[in-house]
Each structure stands twice: as structure tokens, then as C-alpha cells.
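Visitor: I have a structure I would like to understand better, so I am pasting it below and will then ask my questions one at a time.
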Amino acid sequence: MAVPDSTSPSKGKILVVDDDRLVLATVTHGLIQAGFEVIDADNGDDAILLARQHRPDLALLDIRMEGKSGFDVADYLRESLGTPFMFLSAFADAATVARVKELGAVAYLVKPLDIAQIVPTVEAAVAAVRARRERETLAPVARPVAVAQVTPVAPPAPASTGRPADPLNDPVPLAVGVLMHRYSLPRAEALQRLTRLAQTDGRSLAAQAAALVDAVELLARPGQA
């Protein structure tokens with residue numbers, strides 16, 4: 001994950017996904033220079049994992065990639081995270097445009113593109129997203145109905161069964177194992193990477209680990225490959 005100059009606040013968090021490494025590097029660099037925090041991925045599976053971990057304000061998606069396509073990623077972002085997205089693609093045929101409209105993309109930019117064309121579109125989209133969130137935050141909330149005060153009573157502690165705790169209930173070692181496998185890291189470095197991710201996203205270590213494990217389990221389900 002790349003961040004802008006620490007002396008200036010970030011304009012927003014952007015996920016960029018493209019299997020063309022040159023395009024990915026060019027767009028990422030341009031957005032960082034424009035003041036955005038950028039998360040990049042060169043395939044759809046990693047894009048979904050990163051979106052679950054970092055919750056970007058906007059995603060820029062290539063359409064045709066090996067494995068999960070940009071359409072697959074967009075569908076997940078819309079249905080599971082509510083993350084807005086736009087497409088960057090060299091294709092502008094009628095079927096592609098119809099699918100883009102069906103998914104509800106905020107913009108559709110046809111390659112080849114200059115970064116000077118992309119940045120204003122991204123800035124406008126992020127501004128629109130933040131304005132919508134502010135309106136939702138300021139929307140009137142129904143006043144709660146007053147109820148009689150009740151003194152809470154703690155439930156009785158569950159009786160010990162004498163059996164060891166289920167190791168699958170602790171997501172931290174599971175997430176460490178995932179990072180060891182994915183990035184070929186020793187255990188200590190994998191734990192350090194998980195800790196840094198948690199600190200970056202403002203989560204507890206357990207919450208970050210659970211998000212990573214949930215994302216891996218989602219990708220492992222039949223029909224998700």
C-alpha cells in the first residue's frame with residue numbers, strides 16, 4: 001500500500017486493479033502524486049482480499065483479467081462492501097458498456113488514458129461518495145422510546161467441559177499462516193505484517209486477522225474461483 005506525502009492529508013483511499021503492471025504502476029504513481037492513498041493489485045482475488053482489509057473509498061478496475069474479472073470484483077464490492085467503483089478498459093463494445101451500466105459504475109474510462117484524465121474523475125467520484133456519506137450521517141434519526149430502567153444481571157458463567165478450546169476460534173494464528181504461505185514469510189515476519197495492517201486500518205490484531213481469514217474462506221468457497 002502506497003501513501004502520499006505525510007506532510008499533507010490524504011484525499012482518500014483508492015484501490016487500483018489491473019493485470020498490466022505498467023498501467024498499474026502508472027495509475028498508482030499518478031494518484032499518489034495527486035494526494036491519494038493507493039492500494040494496488042494485479043488480479044481479482046487479491047483485489048477482493050485488499051478491499052475487505054482496507055475498505056477503500058473507491059476502486060478503479062480493469063475489466064478483462066485472468067481469474068476473477070473486473071466485473072466479478074465490482075459485483076463483490078457492490079453486494080458485500082458497498083464500495084463505489086469505476087472501470088478502466090480498452091473495450092467499449094455494446095455488451096461491455098451494458099454490463100458496466102448494469103453494475104452501476106460511477107465512471108467508465110476507455111484506454112489508452114493519460115493520468116491527467118483519470119485524476120479529476122477520481123477526485124469528483126470521491127467527493128461525491130463523501131458527500132453522500134455526510135448526508136446519511138446527518139439524516140434524522142428516530143428518537144428512542146423511553147423504557148423502565150432495568151438492572152442488568154450477568155448471565156451465569158458456562159460450566160467448564162474440561163475440553164481444550166477450539167483452535168479455530170483464534171483467527172490470529174490462522175491469518176499468520178495465510179500470510180506465511182502467500183508471501184513466503186517466516187512466522188515472525190508474517191505476524192509483523194499482520195500487525196502493521198491492523199495499525200494502518202485502525203483495527204485490533206484479532207479483528208484484522210478475522211477479516212483476512214474471512215476473505216480467504218470466501219475465495220475458497222465452490223463457485224468463487
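Chain labels A, B, ... are given in the sequence in which chains occur in the C-alpha cells; within each chain residues are numbered consecutively from 1, and ligands are likewise numbered from 1 in the order shown.
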Identify, on the basis of only C-alpha atoms, every residue whose closest approach to segment 14-30 of chain A does not exceed 7 Å; exclude the query and any residue fewer than 4 positions from it along the same chain; express the result as a PyMOL selection string.
Guide: chain A and resi 34+36-43+47+56-62+65+115
Visitor: Save out the residues we just selected, C-alpha atoms, as a PDB file, in the first residue's frame.
Guide:
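Written out: part-v4.pdb:
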```pdb
ATOM      1  CA  ALA A  34      -2.292  13.777  -6.611  1.00  0.00           C
ATOM      2  CA  PHE A  36      -4.412   9.813  -2.656  1.00  0.00           C
ATOM      3  CA  GLU A  37      -3.565   6.743  -0.592  1.00  0.00           C
ATOM      4  CA  VAL A  38      -3.361   3.830  -3.037  1.00  0.00           C
ATOM      5  CA  ILE A  39      -3.739   0.079  -2.634  1.00  0.00           C
ATOM      6  CA  ASP A  40      -2.883  -1.891  -5.783  1.00  0.00           C
ATOM      7  CA  ALA A  41      -3.496  -5.430  -7.009  1.00  0.00           C
ATOM      8  CA  ASP A  42      -2.749  -7.183 -10.300  1.00  0.00           C
ATOM      9  CA  ASN A  43      -5.555  -9.762 -10.048  1.00  0.00           C
ATOM     10  CA  ALA A  47      -8.271  -7.127  -5.028  1.00  0.00           C
ATOM     11  CA  PRO A  56     -11.234   1.859   0.086  1.00  0.00           C
ATOM     12  CA  ASP A  57     -13.329   4.915  -0.789  1.00  0.00           C
ATOM     13  CA  LEU A  58     -13.248   3.994  -4.497  1.00  0.00           C
ATOM     14  CA  ALA A  59     -11.957   1.198  -6.742  1.00  0.00           C
ATOM     15  CA  LEU A  60     -10.508   1.557 -10.255  1.00  0.00           C
ATOM     16  CA  LEU A  61     -10.906  -1.761 -12.060  1.00  0.00           C
ATOM     17  CA  ASP A  62      -9.557  -3.219 -15.271  1.00  0.00           C
ATOM     18  CA  MET A  65      -8.079 -10.199 -16.255  1.00  0.00           C
ATOM     19  CA  ILE A 115      -3.231  10.187 -15.760  1.00  0.00           C
TER      20      ILE A 115
END
```
Visitor: May I have the residues within 9 Å of Val73 of chain A as a PyMOL selection string, using only C-alpha atoms and disregarding those fewer than 5 positions away in the same chain?
Guide: chain A and resi 44-45+47-48+61+68+78
Visitor: Need to verify the contact set: Phe91 of chain A, 12 Å, only C-alpha atoms, exclusion of same-chain residues closer than 3 positions in sequence. Can you return it as a VMD selection string?
Guide: chain A and resid 62 to 64 87 to 88 94 to 100 108 to 112
Visitor: Grab the residues selected above and save them as a CSV table (one decimal), in the first residue's frame with C-alpha atoms.
Guide:
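Produced file part-v6.csv, reproduced below:
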```csv
chain,number,residue,atom,x,y,z
A,62,ASP,CA,-9.6,-3.2,-15.3
A,63,ILE,CA,-12.2,-5.5,-16.8
A,64,ARG,CA,-10.5,-8.4,-18.6
A,87,PHE,CA,-13.7,0.8,-14.9
A,88,LEU,CA,-10.6,1.4,-16.9
A,94,ALA,CA,-22.1,-2.6,-26.6
A,95,ALA,CA,-22.1,-5.7,-24.4
A,96,THR,CA,-19.3,-4.3,-22.2
A,97,VAL,CA,-21.0,-0.9,-21.9
A,98,ALA,CA,-24.3,-2.6,-21.0
A,99,ARG,CA,-22.7,-4.6,-18.2
A,100,VAL,CA,-20.9,-1.5,-16.9
A,108,TYR,CA,-16.2,4.2,-17.4
A,109,LEU,CA,-12.8,5.3,-18.9
A,110,VAL,CA,-11.6,3.8,-22.1
A,111,LYS,CA,-7.8,3.2,-22.5
A,112,PRO,CA,-5.3,4.5,-23.5
```
Visitor: Need the shell around segment 194-200 of chain A: protein/DNA/RNA residues with any atom at most 9 Å away, counting only C-alpha atoms. Skip same-chain ones fewer than 2 positions apart. Format as a VMD selection string?
Guide: chain A and resid 53 to 54 172 175 to 176 179 189 to 192 202 to 209
Visitor: Which residues come within 10 Å of Gly104 of chain A, counting only C-alpha atoms, excluding same-chain residues fewer than 5 positions away, as a ChimeraX atom specification?
Guide: /A:74-75,78,84-86,99
Visitor: Write the residues of the preceding selection, restricted to N, CA, C and O atoms, as a PDB file, in the first residue's frame.
Guide:
```
ATOM      1  N   ALA A  74     -16.227  -6.041  -9.157  1.00  0.00           N
ATOM      2  CA  ALA A  74     -17.229  -4.981  -8.981  1.00  0.00           C
ATOM      3  C   ALA A  74     -18.498  -5.521  -8.334  1.00  0.00           C
ATOM      4  O   ALA A  74     -19.089  -4.879  -7.456  1.00  0.00           O
ATOM      5  N   ASP A  75     -18.920  -6.700  -8.756  1.00  0.00           N
ATOM      6  CA  ASP A  75     -20.116  -7.293  -8.188  1.00  0.00           C
ATOM      7  C   ASP A  75     -19.937  -7.557  -6.692  1.00  0.00           C
ATOM      8  O   ASP A  75     -20.839  -7.297  -5.885  1.00  0.00           O
ATOM      9  N   ARG A  78     -19.937  -4.197  -4.755  1.00  0.00           N
ATOM     10  CA  ARG A  78     -21.285  -3.631  -4.653  1.00  0.00           C
ATOM     11  C   ARG A  78     -22.134  -4.385  -3.646  1.00  0.00           C
ATOM     12  O   ARG A  78     -22.792  -3.779  -2.781  1.00  0.00           O
ATOM     13  N   PRO A  84     -17.983   2.041  -4.029  1.00  0.00           N
ATOM     14  CA  PRO A  84     -18.175   2.501  -5.411  1.00  0.00           C
ATOM     15  C   PRO A  84     -16.956   2.158  -6.269  1.00  0.00           C
ATOM     16  O   PRO A  84     -15.841   2.015  -5.755  1.00  0.00           O
ATOM     17  N   PHE A  85     -17.153   2.064  -7.562  1.00  0.00           N
ATOM     18  CA  PHE A  85     -16.058   1.665  -8.452  1.00  0.00           C
ATOM     19  C   PHE A  85     -16.237   2.299  -9.824  1.00  0.00           C
ATOM     20  O   PHE A  85     -17.328   2.709 -10.221  1.00  0.00           O
ATOM     21  N   MET A  86     -15.118   2.380 -10.549  1.00  0.00           N
ATOM     22  CA  MET A  86     -15.144   2.787 -11.947  1.00  0.00           C
ATOM     23  C   MET A  86     -14.263   1.830 -12.728  1.00  0.00           C
ATOM     24  O   MET A  86     -13.422   1.131 -12.147  1.00  0.00           O
ATOM     25  N   ARG A  99     -23.012  -4.003 -19.525  1.00  0.00           N
ATOM     26  CA  ARG A  99     -22.678  -4.627 -18.241  1.00  0.00           C
ATOM     27  C   ARG A  99     -22.175  -3.583 -17.238  1.00  0.00           C
ATOM     28  O   ARG A  99     -22.504  -3.654 -16.042  1.00  0.00           O
TER      29      ARG A  99
END
```
Visitor: Neighbours of Arg130 of chain A within 12 Å (only C-alpha atoms; same-chain residues fewer than 5 positions away dropped), as a list in words?
Guide: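 Counting only C-alpha atoms, the residues come to Lys11, Gly12, Lys13, Pro56, Asp57, Leu58, Thr83, Pro84, Glu123, Ala124, Ala125, Arg135, Glu136 and Thr137 of chain A.
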Visitor: Output as a PyMOL selection string all residues of segment 49-198 of chain A that backbone DSSP marks as strand (DSSP E).
Guide: chain A and resi 58-61+85-89+107-110
